[in-house]
>>> print(open('my_file-v2.pdb').read())   # PDB, C-alpha atoms and all ligand atoms
ATOM      1  CA  MET J  14     110.466  90.722  92.907  1.00  0.00           C
ATOM      2  CA  THR J  15     113.627  88.750  93.611  1.00  0.00           C
ATOM      3  CA  SER J  16     114.290  85.765  91.440  1.00  0.00           C
ATOM      4  CA  PRO J  17     114.682  82.505  93.359  1.00  0.00           C
ATOM      5  CA  GLY J  18     118.031  81.899  91.706  1.00  0.00           C
ATOM      6  CA  ASN J  19     119.518  84.954  93.425  1.00  0.00           C
ATOM      7  CA  ALA J  20     117.543  84.937  96.647  1.00  0.00           C
ATOM      8  CA  ARG J  21     119.038  83.993  99.983  1.00  0.00           C
ATOM      9  CA  PRO J  22     117.126  82.336 102.761  1.00  0.00           C
ATOM     10  CA  ALA J  23     115.802  85.298 104.734  1.00  0.00           C
ATOM     11  CA  HIS J  24     114.531  83.111 107.518  1.00  0.00           C
ATOM     12  CA  PRO J  25     117.054  80.400 108.444  1.00  0.00           C
ATOM     13  CA  GLU J  26     115.824  77.316 110.205  1.00  0.00           C
ATOM     14  CA  PRO J  27     116.345  77.135 113.968  1.00  0.00           C
ATOM     15  CA  GLU J  28     119.002  74.949 115.514  1.00  0.00           C
ATOM     16  CA  ALA J  29     118.006  71.294 115.549  1.00  0.00           C
ATOM     17  CA  ASP J  30     118.275  71.041 119.336  1.00  0.00           C
ATOM     18  CA  ALA J  31     115.705  73.803 119.665  1.00  0.00           C
ATOM     19  CA  MET J  32     113.105  71.461 118.229  1.00  0.00           C
ATOM     20  CA  THR J  33     111.386  68.395 119.493  1.00  0.00           C
ATOM     21  CA  SER J  34     110.421  65.624 117.162  1.00  0.00           C
ATOM     22  CA  ASP J  35     107.683  63.021 117.360  1.00  0.00           C
ATOM     23  CA  PRO J  36     107.718  60.510 114.497  1.00  0.00           C
ATOM     24  CA  ASP J  37     104.116  59.571 115.225  1.00  0.00           C
ATOM     25  CA  ALA J  38     102.856  63.141 114.919  1.00  0.00           C
ATOM     26  CA  SER J  39     102.298  63.303 111.177  1.00  0.00           C
ATOM     27  CA  GLN J  40      98.953  64.995 111.919  1.00  0.00           C
ATOM     28  CA  PRO J  41      99.644  67.293 114.864  1.00  0.00           C
ATOM     29  CA  SER J  42      96.895  67.634 117.405  1.00  0.00           C
ATOM     30  CA  ARG J  43      97.252  71.422 117.473  1.00  0.00           C
ATOM     31  CA  HIS J  44      95.000  71.495 114.434  1.00  0.00           C
ATOM     32  CA  SER J  45      91.664  72.986 115.284  1.00  0.00           C
ATOM     33  CA  PRO J  46      88.585  70.904 114.498  1.00  0.00           C
ATOM     34  CA  ILE J  47      87.556  72.938 111.446  1.00  0.00           C
ATOM     35  CA  THR J  48      86.399  70.561 108.747  1.00  0.00           C
ATOM     36  CA  THR J  49      85.034  70.872 105.264  1.00  0.00           C
ATOM     37  CA  PRO J  50      81.223  71.005 105.245  1.00  0.00           C
ATOM     38  CA  ARG J  51      79.761  67.752 103.967  1.00  0.00           C
ATOM     39  CA  LEU J  52      78.471  68.458 100.462  1.00  0.00           C
ATOM     40  CA  THR J  53      76.444  66.252  98.167  1.00  0.00           C
ATOM     41  CA  ASP J  54      77.249  65.728  94.491  1.00  0.00           C
ATOM     42  CA  ASP J  55      74.372  68.070  93.683  1.00  0.00           C
ATOM     43  CA  ASP J  56      75.902  70.712  95.943  1.00  0.00           C
ATOM     44  CA  TYR J  57      79.241  70.410  94.170  1.00  0.00           C
ATOM     45  CA  GLN J  58      77.547  70.609  90.770  1.00  0.00           C
ATOM     46  CA  ARG J  59      75.562  73.695  91.751  1.00  0.00           C
ATOM     47  CA  ILE J  60      78.641  75.428  93.158  1.00  0.00           C
ATOM     48  CA  PHE J  61      80.622  74.558  90.034  1.00  0.00           C
ATOM     49  CA  ASP J  62      77.875  75.781  87.712  1.00  0.00           C
ATOM     50  CA  THR J  63      77.512  79.059  89.606  1.00  0.00           C
ATOM     51  CA  THR J  64      81.256  79.634  89.613  1.00  0.00           C
ATOM     52  CA  HIS J  65      81.666  78.681  85.968  1.00  0.00           C
ATOM     53  CA  ASN J  66      78.882  80.958  84.785  1.00  0.00           C
ATOM     54  CA  ALA J  67      80.210  83.904  86.795  1.00  0.00           C
ATOM     55  CA  ALA J  68      83.789  83.316  85.638  1.00  0.00           C
ATOM     56  CA  ARG J  69      82.746  83.035  82.020  1.00  0.00           C
ATOM     57  CA  GLN J  70      80.770  86.266  82.180  1.00  0.00           C
ATOM     58  CA  THR J  71      83.801  87.958  83.722  1.00  0.00           C
ATOM     59  CA  VAL J  72      86.091  86.620  81.004  1.00  0.00           C
ATOM     60  CA  LEU J  73      83.774  87.991  78.336  1.00  0.00           C
ATOM     61  CA  THR J  74      83.660  91.370  80.093  1.00  0.00           C
ATOM     62  CA  VAL J  75      87.457  91.521  80.352  1.00  0.00           C
ATOM     63  CA  ALA J  76      87.847  90.424  76.743  1.00  0.00           C
ATOM     64  CA  ARG J  77      85.585  93.244  75.622  1.00  0.00           C
ATOM     65  CA  GLU J  78      87.829  95.637  77.559  1.00  0.00           C
ATOM     66  CA  LEU J  79      90.714  94.164  75.576  1.00  0.00           C
ATOM     67  CA  GLY J  80      88.896  94.981  72.371  1.00  0.00           C
ATOM     68  CA  ALA J  81      88.308  91.349  71.489  1.00  0.00           C
ATOM     69  CA  GLN J  82      86.403  90.483  68.334  1.00  0.00           C
ATOM     70  CA  LEU J  83      83.269  88.378  68.529  1.00  0.00           C
ATOM     71  CA  THR J  84      83.237  85.051  66.756  1.00  0.00           C
ATOM     72  CA  SER J  85      80.516  82.559  65.946  1.00  0.00           C
ATOM     73  CA  GLN J  86      82.832  79.702  66.934  1.00  0.00           C
ATOM     74  CA  PRO J  87      82.337  78.918  70.641  1.00  0.00           C
ATOM     75  CA  ALA J  88      85.397  77.982  72.687  1.00  0.00           C
ATOM     76  CA  ASN J  89      83.418  75.145  74.236  1.00  0.00           C
ATOM     77  CA  PRO J  90      80.808  73.842  71.778  1.00  0.00           C
ATOM     78  CA  THR J  91      79.394  71.446  74.383  1.00  0.00           C
ATOM     79  CA  ALA J  92      78.473  74.188  76.846  1.00  0.00           C
ATOM     80  CA  ASP J  93      74.835  75.060  77.366  1.00  0.00           C
ATOM     81  CA  ALA J  94      73.678  77.858  75.030  1.00  0.00           C
ATOM     82  CA  PRO J  95      77.213  78.775  73.952  1.00  0.00           C
ATOM     83  CA  GLY J  96      76.096  81.745  71.818  1.00  0.00           C
ATOM     84  CA  PRO J  97      78.608  84.153  70.291  1.00  0.00           C
ATOM     85  CA  ASP J  98      82.073  83.949  71.755  1.00  0.00           C
ATOM     86  CA  ILE J  99      85.325  85.896  71.580  1.00  0.00           C
ATOM     87  CA  GLU J 100      88.344  85.100  69.493  1.00  0.00           C
ATOM     88  CA  PRO J 101      90.493  82.472  71.219  1.00  0.00           C
ATOM     89  CA  LEU J 102      93.667  84.412  72.064  1.00  0.00           C
ATOM     90  CA  ALA J 103      91.654  87.189  73.688  1.00  0.00           C
ATOM     91  CA  GLY J 104      89.887  84.489  75.664  1.00  0.00           C
ATOM     92  CA  VAL J 105      93.197  83.035  76.804  1.00  0.00           C
ATOM     93  CA  ARG J 106      94.433  86.430  77.939  1.00  0.00           C
ATOM     94  CA  ALA J 107      91.209  87.379  79.701  1.00  0.00           C
ATOM     95  CA  ALA J 108      90.826  84.007  81.441  1.00  0.00           C
ATOM     96  CA  LYS J 109      94.422  84.113  82.627  1.00  0.00           C
ATOM     97  CA  GLU J 110      93.862  87.601  84.011  1.00  0.00           C
ATOM     98  CA  LEU J 111      90.827  86.300  85.885  1.00  0.00           C
ATOM     99  CA  GLU J 112      92.944  83.484  87.363  1.00  0.00           C
ATOM    100  CA  ARG J 113      95.621  85.931  88.510  1.00  0.00           C
ATOM    101  CA  VAL J 114      93.157  88.330  90.096  1.00  0.00           C
ATOM    102  CA  SER J 115      91.215  85.472  91.683  1.00  0.00           C
ATOM    103  CA  TRP J 116      94.416  84.365  93.368  1.00  0.00           C
ATOM    104  CA  MET J 117      94.968  87.904  94.652  1.00  0.00           C
ATOM    105  CA  ILE J 118      91.473  87.917  96.135  1.00  0.00           C
ATOM    106  CA  THR J 119      92.142  84.517  97.691  1.00  0.00           C
ATOM    107  CA  HIS J 120      95.332  86.048  99.103  1.00  0.00           C
ATOM    108  CA  ASP J 121      93.303  88.838 100.728  1.00  0.00           C
ATOM    109  CA  TYR J 122      91.020  86.316 102.393  1.00  0.00           C
ATOM    110  CA  MET J 123      93.935  84.156 103.542  1.00  0.00           C
ATOM    111  CA  ARG J 124      95.484  87.229 105.158  1.00  0.00           C
ATOM    112  CA  ALA J 125      92.159  88.060 106.815  1.00  0.00           C
ATOM    113  CA  ALA J 126      91.946  84.464 108.053  1.00  0.00           C
ATOM    114  CA  ARG J 127      95.398  84.634 109.673  1.00  0.00           C
ATOM    115  CA  GLU J 128      94.495  87.984 111.221  1.00  0.00           C
ATOM    116  CA  ALA J 129      91.325  86.407 112.593  1.00  0.00           C
ATOM    117  CA  GLY J 130      93.417  83.705 114.255  1.00  0.00           C
ATOM    118  CA  HIS J 131      92.817  80.783 111.898  1.00  0.00           C
ATOM    119  CA  SER J 132      95.734  78.392 111.463  1.00  0.00           C
ATOM    120  CA  TRP J 133      97.404  77.351 108.232  1.00  0.00           C
ATOM    121  CA  HIS J 134      95.673  74.004 108.683  1.00  0.00           C
ATOM    122  CA  ASP J 135      92.287  75.758 108.790  1.00  0.00           C
ATOM    123  CA  ILE J 136      93.161  77.672 105.633  1.00  0.00           C
ATOM    124  CA  GLY J 137      94.305  74.463 103.957  1.00  0.00           C
ATOM    125  CA  ILE J 138      90.967  72.817 104.714  1.00  0.00           C
ATOM    126  CA  ALA J 139      89.113  75.837 103.309  1.00  0.00           C
ATOM    127  CA  LEU J 140      91.274  75.822 100.172  1.00  0.00           C
ATOM    128  CA  ASN J 141      90.213  72.215  99.617  1.00  0.00           C
ATOM    129  CA  MET J 142      93.633  71.507  98.117  1.00  0.00           C
ATOM    130  CA  LEU J 143      95.353  68.159  97.904  1.00  0.00           C
ATOM    131  CA  GLU J 144      98.361  67.879 100.189  1.00  0.00           C
ATOM    132  CA  GLY J 145     101.502  68.599  98.223  1.00  0.00           C
ATOM    133  CA  SER J 146      99.688  70.029  95.225  1.00  0.00           C
ATOM    134  CA  MET J 147     101.922  73.120  95.303  1.00  0.00           C
ATOM    135  CA  THR J 148     105.208  71.423  96.139  1.00  0.00           C
ATOM    136  CA  GLY J 149     105.001  67.897  94.818  1.00  0.00           C
ATOM    137  CA  ASN J 150     105.501  66.503  98.322  1.00  0.00           C
ATOM    138  CA  MET J 151     102.434  64.313  98.795  1.00  0.00           C
ATOM    139  CA  HIS J 152     103.236  63.575 102.449  1.00  0.00           C
ATOM    140  CA  GLU J 153     103.324  67.132 103.774  1.00  0.00           C
ATOM    141  CA  PRO J 154     100.558  68.406 106.083  1.00  0.00           C
ATOM    142  CA  VAL J 155      97.818  70.411 104.410  1.00  0.00           C
ATOM    143  CA  ALA J 156      99.005  73.391 106.487  1.00  0.00           C
ATOM    144  CA  ASP J 157     102.289  73.376 104.567  1.00  0.00           C
ATOM    145  CA  THR J 158     100.445  73.147 101.277  1.00  0.00           C
ATOM    146  CA  ALA J 159      98.279  76.116 102.225  1.00  0.00           C
ATOM    147  CA  TYR J 160     101.280  78.210 103.226  1.00  0.00           C
ATOM    148  CA  SER J 161     103.072  77.315  99.996  1.00  0.00           C
ATOM    149  CA  TYR J 162     100.054  78.503  98.058  1.00  0.00           C
ATOM    150  CA  ALA J 163      99.892  81.735 100.050  1.00  0.00           C
ATOM    151  CA  ALA J 164     103.602  82.544  99.995  1.00  0.00           C
ATOM    152  CA  GLY J 165     104.090  82.030  96.281  1.00  0.00           C
ATOM    153  CA  TRP J 166     104.423  84.964  93.967  1.00  0.00           C
ATOM    154  CA  THR J 167     101.892  83.624  91.518  1.00  0.00           C
ATOM    155  CA  PRO J 168      99.193  80.967  91.693  1.00  0.00           C
ATOM    156  CA  GLU J 169     101.716  78.476  90.341  1.00  0.00           C
ATOM    157  CA  SER J 170     104.802  79.209  92.427  1.00  0.00           C
ATOM    158  CA  SER J 171     105.447  77.555  95.750  1.00  0.00           C
ATOM    159  CA  ARG J 172     107.320  78.779  98.769  1.00  0.00           C
ATOM    160  CA  SER J 173     111.101  78.893  98.953  1.00  0.00           C
ATOM    161  CA  TYR J 174     113.962  81.008 100.283  1.00  0.00           C
ATOM    162  CA  GLY J 175     112.221  82.257 103.383  1.00  0.00           C
ATOM    163  CA  THR J 176     109.311  83.942 101.632  1.00  0.00           C
ATOM    164  CA  ALA J 177     107.039  85.573 104.198  1.00  0.00           C
ATOM    165  CA  PHE J 178     103.279  85.909 104.087  1.00  0.00           C
ATOM    166  CA  THR J 179     102.436  89.223 105.731  1.00  0.00           C
ATOM    167  CA  TRP J 180      99.435  90.155 107.824  1.00  0.00           C
ATOM    168  CA  THR J 181      98.618  92.470 110.703  1.00  0.00           C
ATOM    169  CA  CYS J 182      98.196  91.101 114.214  1.00  0.00           C
ATOM    170  CA  THR J 183      94.906  92.394 115.554  1.00  0.00           C
ATOM    171  CA  THR J 184      96.162  91.996 119.124  1.00  0.00           C
ATOM    172  CA  CYS J 185      99.426  93.975 119.007  1.00  0.00           C
ATOM    173  CA  ASP J 186      98.680  95.857 115.767  1.00  0.00           C
ATOM    174  CA  GLN J 187     102.076  94.987 114.308  1.00  0.00           C
ATOM    175  CA  ALA J 188     102.861  93.793 110.767  1.00  0.00           C
ATOM    176  CA  ILE J 189     103.743  90.100 110.939  1.00  0.00           C
ATOM    177  CA  ASP J 190     106.085  88.237 108.606  1.00  0.00           C
ATOM    178  CA  ASP J 191     104.615  84.735 108.662  1.00  0.00           C
ATOM    179  CA  TYR J 192     106.980  81.958 107.571  1.00  0.00           C
ATOM    180  CA  GLY J 193     104.400  79.204 107.789  1.00  0.00           C
ATOM    181  CA  PRO J 194     103.722  76.293 110.122  1.00  0.00           C
ATOM    182  CA  LEU J 195     107.156  74.660 110.082  1.00  0.00           C
ATOM    183  CA  HIS J 196     108.952  75.662 113.287  1.00  0.00           C
ATOM    184  CA  GLY J 197     106.260  77.175 115.470  1.00  0.00           C
ATOM    185  CA  PRO J 198     105.080  80.723 116.078  1.00  0.00           C
ATOM    186  CA  ALA J 199     108.119  81.780 118.116  1.00  0.00           C
ATOM    187  CA  HIS J 200     110.262  81.362 115.029  1.00  0.00           C
ATOM    188  CA  ASP J 201     107.787  81.592 112.176  1.00  0.00           C
ATOM    189  CA  GLU J 202     105.779  84.697 113.183  1.00  0.00           C
ATOM    190  CA  GLN J 203     108.177  87.636 113.209  1.00  0.00           C
ATOM    191  CA  GLY J 204     107.102  91.135 114.206  1.00  0.00           C
ATOM    192  CA  HIS J 205     104.741  90.752 117.177  1.00  0.00           C
ATOM    193  CA  ALA J 206     105.167  93.190 120.037  1.00  0.00           C
ATOM    194  CA  SER J 207     107.100  91.648 122.908  1.00  0.00           C
ATOM    195  CA  ASN J 208     104.007  91.743 125.103  1.00  0.00           C
ATOM    196  CA  CYS J 209     101.557  90.403 122.478  1.00  0.00           C
ATOM    197  CA  THR J 210      99.202  88.029 124.272  1.00  0.00           C
ATOM    198  CA  ARG J 211      98.103  86.337 121.072  1.00  0.00           C
ATOM    199  CA  HIS J 212     101.698  85.454 120.203  1.00  0.00           C
ATOM    200  CA  THR J 213     102.442  84.316 123.730  1.00  0.00           C
ATOM    201  CA  GLN J 214      99.388  82.064 123.678  1.00  0.00           C
ATOM    202  CA  ALA J 215     100.276  80.671 120.249  1.00  0.00           C
ATOM    203  CA  ILE J 216     103.791  79.827 121.420  1.00  0.00           C
ATOM    204  CA  ALA J 217     102.452  78.100 124.524  1.00  0.00           C
ATOM    205  CA  THR J 218      99.944  76.084 122.495  1.00  0.00           C
ATOM    206  CA  TRP J 219     102.614  75.009 120.037  1.00  0.00           C
ATOM    207  CA  ALA J 220     105.044  74.038 122.799  1.00  0.00           C
ATOM    208  CA  ALA J 221     102.429  71.854 124.486  1.00  0.00           C
ATOM    209  CA  GLU J 222     101.848  69.696 121.427  1.00  0.00           C
ATOM    210  CA  PRO J 223     103.948  67.126 119.544  1.00  0.00           C
ATOM    211  CA  GLN J 224     105.834  68.370 116.489  1.00  0.00           C
ATOM    212  CA  PRO J 225     106.503  66.407 113.298  1.00  0.00           C
ATOM    213  CA  LEU J 226     109.497  68.518 112.366  1.00  0.00           C
ATOM    214  CA  ALA J 227     111.997  66.045 110.975  1.00  0.00           C
ATOM    215  CA  PRO J 228     110.103  65.005 107.819  1.00  0.00           C
ATOM    216  CA  ARG J 229     108.796  68.534 107.249  1.00  0.00           C
ATOM    217  CA  SER J 230     112.271  70.048 107.337  1.00  0.00           C
ATOM    218  CA  ALA J 231     113.262  67.538 104.685  1.00  0.00           C
ATOM    219  CA  SER J 232     110.287  68.556 102.570  1.00  0.00           C
ATOM    220  CA  ALA J 233     111.300  72.213 102.769  1.00  0.00           C
ATOM    221  CA  GLU J 234     114.692  71.300 101.341  1.00  0.00           C
ATOM    222  CA  ALA J 235     112.986  69.339  98.582  1.00  0.00           C
ATOM    223  CA  ASN J 236     110.872  72.386  97.751  1.00  0.00           C
ATOM    224  CA  ARG J 237     113.973  74.475  97.232  1.00  0.00           C
ATOM    225  CA  ASP J 238     115.336  71.884  94.823  1.00  0.00           C
ATOM    226  CA  ILE J 239     112.106  71.948  92.858  1.00  0.00           C
ATOM    227  CA  ASP J 240     112.226  75.733  92.578  1.00  0.00           C
ATOM    228  CA  TRP J 241     115.820  75.706  91.454  1.00  0.00           C
ATOM    229  CA  GLU J 242     115.016  73.169  88.783  1.00  0.00           C
ATOM    230  CA  ALA J 243     112.019  75.177  87.659  1.00  0.00           C
ATOM    231  CA  GLY J 244     114.276  78.170  87.167  1.00  0.00           C
ATOM    232  CA  GLY J 245     112.019  80.394  89.254  1.00  0.00           C
TER     233      GLY J 245
HETATM  234 ZN    ZN J 301     100.730  90.265 117.934  1.00  0.00          ZN
END
>>> encode(input="my_file-v2.pdb", output="structure tokens", more="lines below")
Ligand SMILES: [Zn+2]
Amino acid sequence: MTSPGNARPAHPEPEADAMTSDPDASQPSRHSPITTPRLTDDDYQRIFDTTHNAARQTVLTVARELGAQLTSQPANPTADAPGPDIEPLAGVRAAKELERVSWMITHDYMRAAREAGHSWHDIGIALNMLEGSMTGNMHEPVADTAYSYAAGWTPESSRSYGTAFTWTCTTCDQAIDDYGPLHGPAHDEQGHASNCTRHTQAIATWAAEPQPLAPRSASAEANRDIDWEAGG
């Protein structure tokens, strides 16, 4: 892993005159019509309960692998049927491990989604993340937020310094370095075969639609500042 403080931009931005800009295109029309399924409060509660129960069981399993001691003091006394629990520091370690591995699994599915042809916007909708939640830029498109989440080195780190998200193009069978939704597939998807029809189609689709590049370029610069300040 290269620390952000020493890294160099591996994927410089294209010349400004290679881009078109439309100040009214804050939500580009190239986004496919994938939307979040409409869920009721009961649906959300059921999904949360299922996830919470499964995660807690996994934490307890991992903690046992860590040799954790049982305790009669539950970590969350208000939970239903708390029962015996594990000592707190083992719980912290096990739960953090679950978070890290969960992110890796999410990463696998995000890669599969790109390989299946879904856009960063589609992935952002599926992630159900708030715009800017990775970068602090509340005005960025959800596609940028999704890419930042994918390109980070950990669940907490956001994109910077030309970090690529890699996947395999199922059309040309080449490994693709994906630099996100900022400048279009001609610049941001590196590695396609020269005769890849998927890439050619993606470039044509991008070129036919308005681009909101000016504010998003500024946000990318802001992201770098945030990473510098965070010390990587
Ligand atoms: Zn390809």
>>> residues_near_ligand(input="my_file-v2.pdb", ligand="ligand ZN 301 (chain J)", cutoff="9 Å", atoms="only C-alpha atoms and all ligand atoms", output="short mmCIF file (atom, residue, chain, number, x, y, z; two decimals) with C-alpha atoms, in the coordinates of the input")
data_model
loop_
_atom_site.label_atom_id
_atom_site.label_comp_id
_atom_site.auth_asym_id
_atom_site.auth_seq_id
_atom_site.Cartn_x
_atom_site.Cartn_y
_atom_site.Cartn_z
CA THR J 181 98.62 92.47 110.70
CA CYS J 182 98.20 91.10 114.21
CA THR J 183 94.91 92.39 115.55
CA THR J 184 96.16 92.00 119.12
CA CYS J 185 99.43 93.98 119.01
CA ASP J 186 98.68 95.86 115.77
CA GLN J 187 102.08 94.99 114.31
CA ALA J 188 102.86 93.79 110.77
CA ILE J 189 103.74 90.10 110.94
CA GLU J 202 105.78 84.70 113.18
CA GLY J 204 107.10 91.14 114.21
CA HIS J 205 104.74 90.75 117.18
CA ALA J 206 105.17 93.19 120.04
CA SER J 207 107.10 91.65 122.91
CA ASN J 208 104.01 91.74 125.10
CA CYS J 209 101.56 90.40 122.48
CA THR J 210 99.20 88.03 124.27
CA ARG J 211 98.10 86.34 121.07
CA HIS J 212 101.70 85.45 120.20
CA THR J 213 102.44 84.32 123.73
#
>>> atom_distance(input="my_file-v2.pdb", atom1="atom CA of Tyr162 of chain J", atom2="atom CA of Val72 of chain J")
23.5 Å
>>> atom_distance(input="my_file-v2.pdb", atom1="atom CA of Ala163 of chain J", atom2="atom CA of Leu140 of chain J")
10.5 Å
>>> closest_residue(input="my_file-v2.pdb", among="J:Ile138, J:Ile99, J:Ala88, J:Tyr57", to="Ala76 of chain J", atoms="all atoms listed in the file")
J:Ile99
>>> residues_around(input="my_file-v2.pdb", residues="segment 111-123 of chain J", least_positions_apart="2", cutoff="8 Å", atoms="all atoms listed in the file", output="PyMOL selection string")
chain J and resi 68+71-72+107-109+125-127+136+163+167-168
>>> atom_distance(input="my_file-v2.pdb", atom1="atom CA of Thr148 of chain J", atom2="atom CA of Ser161 of chain J")
7.4 Å
>>> residues_near_point(input="my_file-v2.pdb", point="(105.3, 77.6, 119.0)", cutoff="9 Å", atoms="all atoms listed in the file", output="list of chain:residue names")
J:His196, J:Gly197, J:Pro198, J:Ala199, J:His200, J:Asp201, J:His212, J:Thr213, J:Gln214, J:Ala215, J:Ile216, J:Ala217, J:Thr218, J:Trp219, J:Ala220, J:Ala221, J:Glu222
>>> closest_residue(input="my_file-v2.pdb", among="J:Asp98, J:Glu144, J:Glu153, J:Asp54", to="Ala81 of chain J", atoms="all atoms listed in the file")
J:Asp98
>>> resolve_selection(input="my_file-v2.pdb", expression="the PyMOL selection byres (((chain J and resi 191) around 7) and not hetatm)", output="MDAnalysis selection string")
chainID J and resid 177:179 189:190 192:193 201:203
>>> axis_aligned_box(input="my_file-v2.pdb", around="segment 73-86 of chain J", padding_each_side="8 Å", output="AutoDock Vina command-line options")
--center_x 85.6 --center_y 87.7 --center_z 73.1 --size_x 26.2 --size_y 31.9 --size_z 30.4
>>> decode(input="my_file-v2.pdb", residues="segment 166-227 of chain J", atoms="C-alpha atoms", output="PDB file, in the first residue's frame")
ATOM      1  CA  TRP J 166      -8.274   1.260   0.868  1.00  0.00           C
ATOM      2  CA  THR J 167     -10.498   0.789   3.872  1.00  0.00           C
ATOM      3  CA  PRO J 168     -14.174   1.408   4.565  1.00  0.00           C
ATOM      4  CA  GLU J 169     -13.231   4.836   5.888  1.00  0.00           C
ATOM      5  CA  SER J 170     -10.818   6.107   3.248  1.00  0.00           C
ATOM      6  CA  SER J 171     -11.960   7.972   0.180  1.00  0.00           C
ATOM      7  CA  ARG J 172     -10.456   8.183  -3.257  1.00  0.00           C
ATOM      8  CA  SER J 173      -7.404  10.278  -4.055  1.00  0.00           C
ATOM      9  CA  TYR J 174      -4.235  10.259  -6.149  1.00  0.00           C
ATOM     10  CA  GLY J 175      -5.631   8.370  -9.096  1.00  0.00           C
ATOM     11  CA  THR J 176      -6.637   5.242  -7.205  1.00  0.00           C
ATOM     12  CA  ALA J 177      -8.128   2.711  -9.609  1.00  0.00           C
ATOM     13  CA  PHE J 178     -10.930   0.265  -8.960  1.00  0.00           C
ATOM     14  CA  THR J 179     -10.135  -2.854 -10.969  1.00  0.00           C
ATOM     15  CA  TRP J 180     -12.492  -5.255 -12.683  1.00  0.00           C
ATOM     16  CA  THR J 181     -12.507  -7.491 -15.735  1.00  0.00           C
ATOM     17  CA  CYS J 182     -14.390  -6.467 -18.863  1.00  0.00           C
ATOM     18  CA  THR J 183     -16.609  -9.360 -19.857  1.00  0.00           C
ATOM     19  CA  THR J 184     -16.622  -8.158 -23.468  1.00  0.00           C
ATOM     20  CA  CYS J 185     -12.882  -7.896 -24.195  1.00  0.00           C
ATOM     21  CA  ASP J 186     -11.712 -10.001 -21.229  1.00  0.00           C
ATOM     22  CA  GLN J 187      -9.146  -7.397 -20.205  1.00  0.00           C
ATOM     23  CA  ALA J 188      -8.387  -6.122 -16.687  1.00  0.00           C
ATOM     24  CA  ILE J 189      -9.766  -2.592 -16.390  1.00  0.00           C
ATOM     25  CA  ASP J 190      -8.401   0.177 -14.186  1.00  0.00           C
ATOM     26  CA  ASP J 191     -11.534   2.190 -13.434  1.00  0.00           C
ATOM     27  CA  TYR J 192     -10.934   5.772 -12.294  1.00  0.00           C
ATOM     28  CA  GLY J 193     -14.578   6.542 -11.647  1.00  0.00           C
ATOM     29  CA  PRO J 194     -17.257   8.626 -13.335  1.00  0.00           C
ATOM     30  CA  LEU J 195     -15.402  11.936 -13.573  1.00  0.00           C
ATOM     31  CA  HIS J 196     -14.124  12.292 -17.143  1.00  0.00           C
ATOM     32  CA  GLY J 197     -15.930   9.599 -19.089  1.00  0.00           C
ATOM     33  CA  PRO J 198     -15.045   6.050 -20.074  1.00  0.00           C
ATOM     34  CA  ALA J 199     -12.478   7.028 -22.713  1.00  0.00           C
ATOM     35  CA  HIS J 200     -10.302   8.472 -19.978  1.00  0.00           C
ATOM     36  CA  ASP J 201     -11.520   6.734 -16.846  1.00  0.00           C
ATOM     37  CA  GLU J 202     -11.633   3.086 -18.015  1.00  0.00           C
ATOM     38  CA  GLN J 203      -8.087   2.072 -18.901  1.00  0.00           C
ATOM     39  CA  GLY J 204      -7.231  -1.360 -20.273  1.00  0.00           C
ATOM     40  CA  HIS J 205     -10.000  -2.280 -22.729  1.00  0.00           C
ATOM     41  CA  ALA J 206      -8.946  -3.901 -25.980  1.00  0.00           C
ATOM     42  CA  SER J 207      -8.894  -1.405 -28.830  1.00  0.00           C
ATOM     43  CA  ASN J 208     -11.811  -3.172 -30.492  1.00  0.00           C
ATOM     44  CA  CYS J 209     -13.932  -3.604 -27.329  1.00  0.00           C
ATOM     45  CA  THR J 210     -17.536  -2.947 -28.314  1.00  0.00           C
ATOM     46  CA  ARG J 211     -18.640  -2.338 -24.748  1.00  0.00           C
ATOM     47  CA  HIS J 212     -16.054   0.417 -24.327  1.00  0.00           C
ATOM     48  CA  THR J 213     -16.877   1.927 -27.694  1.00  0.00           C
ATOM     49  CA  GLN J 214     -20.563   2.002 -26.790  1.00  0.00           C
ATOM     50  CA  ALA J 215     -19.857   3.502 -23.365  1.00  0.00           C
ATOM     51  CA  ILE J 216     -17.769   6.268 -24.924  1.00  0.00           C
ATOM     52  CA  ALA J 217     -20.495   7.039 -27.452  1.00  0.00           C
ATOM     53  CA  THR J 218     -23.170   7.151 -24.749  1.00  0.00           C
ATOM     54  CA  TRP J 219     -21.075   9.462 -22.604  1.00  0.00           C
ATOM     55  CA  ALA J 220     -20.284  11.774 -25.519  1.00  0.00           C
ATOM     56  CA  ALA J 221     -23.968  12.120 -26.391  1.00  0.00           C
ATOM     57  CA  GLU J 222     -24.946  13.414 -22.968  1.00  0.00           C
ATOM     58  CA  PRO J 223     -24.267  16.642 -21.047  1.00  0.00           C
ATOM     59  CA  GLN J 224     -21.383  16.582 -18.575  1.00  0.00           C
ATOM     60  CA  PRO J 225     -21.222  18.431 -15.253  1.00  0.00           C
ATOM     61  CA  LEU J 226     -17.443  18.396 -15.165  1.00  0.00           C
ATOM     62  CA  ALA J 227     -16.500  21.795 -13.803  1.00  0.00           C
TER      63      ALA J 227
END
